[in-house]
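In what follows, a single structure is set out as structure tokens and then discussed.
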Amino acid sequence: MSFGSPYFTLPEFTYHHPNNLEEAMRLLETHGEEAKVMGGGVGLLAFMKERLMSPAHVIDIKGIRELKELKYTSGIGLSIGACVTLAEVAQSDAVKHHYTALHEAVSGAADPMIRGRATLVGNLCEAIPWVDSPPALIALGGAVRVNGPRGGREVDLGNCIRGPVDIDLQPDELVTHLVLSESPPSRRSTFQKFSAGSEFSVASVAASVLLGRRREVKLVYGGVSSTPLRSLEAEKVVAEGEVSEAMIQKAAQVASRSVECVSDVLASADYRRHLVQVLTTKALKRVFER
Amino acid sequence: MRESQVKVNGQIRMREVKDNELLLDLLRDRLEVKSVKAACWRGECGLCTVLLNGELVKSCLVLAVEASGGEVVTVEGTGEDGSSGGGGLTEIQRAFMEHGASQCGFCTPAFVLTTHELLRRNPSPTESELREAVSGLICRCGTYNQIREAVAAVKAHDRRSVSKKLVESTR
């Protein structure tokens, strides 16, 4: 308002503040393409100031009680409502104990004020390449619960992000929850990143390893490309190799070769490939030493 | 436009609020709370930080309508009586002055408010807890060392007064 120009101001819109899910779904069905859902608003308001988005209707879902719940059920998994903030996820003991990679990703994200507003579901729905939590969510595995006029559906977390700022979601649909699969005690996971202070990650990795006779491994890289990327090649090295320093080194090299990195204003592709190697080594050492 | 009522530093304020108005602009431009600084408009520098319903938020990332019916506290409201205008300096403000923790002064309200909230929740923060608490704020003069010293001095003072009270109570 002060400078009366874009960037400092928001485009005009009508603000809606539904108190229950039915009302929110009705608003989405009525306004669809013209509407944007607001959780914490951290990302949405930034996009709107830049005029990258100019929705005629903003639907603030913070008043919907059932979307505020974070619940861990042994044998089922972790359910996180669309209005659960990063700070709430970071404070959860269940997340800390059973989903270490997610705990580490959210507790190091941005700064305390942003974490108090931004939501985990918002992080995922925005699908911004350098945001930390999506790689952790994909590594841990689970589903995205979507509600829409055609009923509810579930999307696998691994297939949810289709491109930068593009997820598998129709304009009249709402992500209500994320459901992370039950985490067996034999699973180890971690999140490692390289960033300058509270800046966005230049490169990150989320590693999840299910120890056992058949080791199940996921290595998901963030910040290096336009979407989070898995390295199936490096995962194979870890799954099939004897646990040793040499295996970790080999997996890190394979990851560095196989993950397609981009060059941008933050770093060159070469530098990112180097970071992929360093971060993979760090992550695997952590996973296997615990 | 909608009629909106916000409690700011203990006082109820009424304004017509536009749906696309930021809380930052409502506070600064229309309610004349000038300690709330407008600088980056994108949640990076944190100098528009206020307490909204007890939580620290960057007011450039919050809609004015979201504060409707709620309560905002800015640095003016951190005094003993919790209202603006009354009383002298707080311990934290005095420590900031004594340790030269403010150069141009632009970031000072946000740092004072944020450390006030930190010490209220955690009277003896460690160095890393302090760093973390203010990690969302930027001092463009770079007086971070002095700010750290000022907060440490408040902590030390608190410890002294607490131990004094302990001594008194054991007499």
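Labeling convention for the structure tokens: chains A, B, ... as they appear, residues from 1 per chain, ligands from 1 in order of appearance.
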
**Item:** Exercise: range 35-37 of chain A partners within 6 Å, only C-alpha atoms, chain neighbours under 2 positions left out, as a VMD selection string
**Value:** chain A and resid 31 to 33 55 57 to 59

Export, as a compact mmCIF listing (two decimals), in the first residue's frame, the selected residues with C-alpha atoms.
```
# COMPACT_ATOMS: atom_id res chain seq x y z
CA HIS A 31 -14.67 -20.30 -7.67
CA GLY A 32 -12.29 -23.07 -8.86
CA GLU A 33 -9.77 -21.58 -11.28
CA PRO A 55 -6.55 -15.04 -7.73
CA HIS A 57 -10.68 -15.28 -4.37
CA VAL A 58 -8.43 -16.30 -1.50
CA ILE A 59 -9.75 -19.11 0.67
```

**Request:** Give me, as a PyMOL selection string, the contact residues of chain A against chain B at a cut-off of 6 Å, counting only C-alpha atoms.
**Result:** chain A and resi 10+12+15+42+111+113

Selection to disk with C-alpha atoms, as a compact mmCIF listing (two decimals), in the first residue's frame:
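out.txt written:
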```txt
# COMPACT_ATOMS: atom_id res chain seq x y z
CA LEU A 10 -1.38 -7.42 -3.20
CA GLU A 12 -7.39 -7.23 -5.32
CA TYR A 15 -11.09 -13.07 1.23
CA VAL A 42 3.91 -17.34 3.33
CA ASP A 111 13.47 -19.10 10.55
CA MET A 113 8.69 -16.81 12.49
```

**Message:** Using only C-alpha atoms, which protein or nucleic acid residues come within 7 Å of range 73-86 of chain A? Drop anything in the same chain fewer than 5 positions from it, and give the result as a count of residues only.
**Reply:** 21

Can you pull out every residue within 8 Å of Leu27 in chain B, counting only C-alpha atoms, but drop anything in the same chain fewer than 6 positions away, and send it as a PDB file with C-alpha atoms, in the first residue's frame?
```
ATOM      1  CA  VAL B  33       2.540   2.220  14.845  1.00  0.00           C
ATOM      2  CA  LYS B  34       5.839   3.329  13.360  1.00  0.00           C
ATOM      3  CA  VAL B  36       6.886  -1.708  12.771  1.00  0.00           C
TER       4      VAL B  36
END
```

**Message:** Give me the residues near Leu137 in chain A as a count of residues only, where near means some atom within 12 Å (using only C-alpha atoms) and where sequence neighbours in that chain fewer than 2 positions away do not count.
**Reply:** 49

**Message:** Going by DSSP on the backbone, which residues of range 7-213 of chain A come out as strand (DSSP E or B)? List them as a ChimeraX atom specification.
**Reply:** /A:9,14-16,35-38,57-60,70-73,77-81,85,119,142-148,151-156,161-163,166-167,174-181,187-194,203-210

**Prompt:** Among range 42-259 of chain A, which residues carry a DSSP assignment of alpha helix (DSSP H), reported as number ranges by chain?
**Reply:** A: 42-49, 86-91, 93-98, 100-107, 112-117, 120-126, 133-140, 157-160, 232-240, 245-258

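Note that CA of Ser256 in chain A and CA of Arg273 in chain A are 5.0 Å apart.
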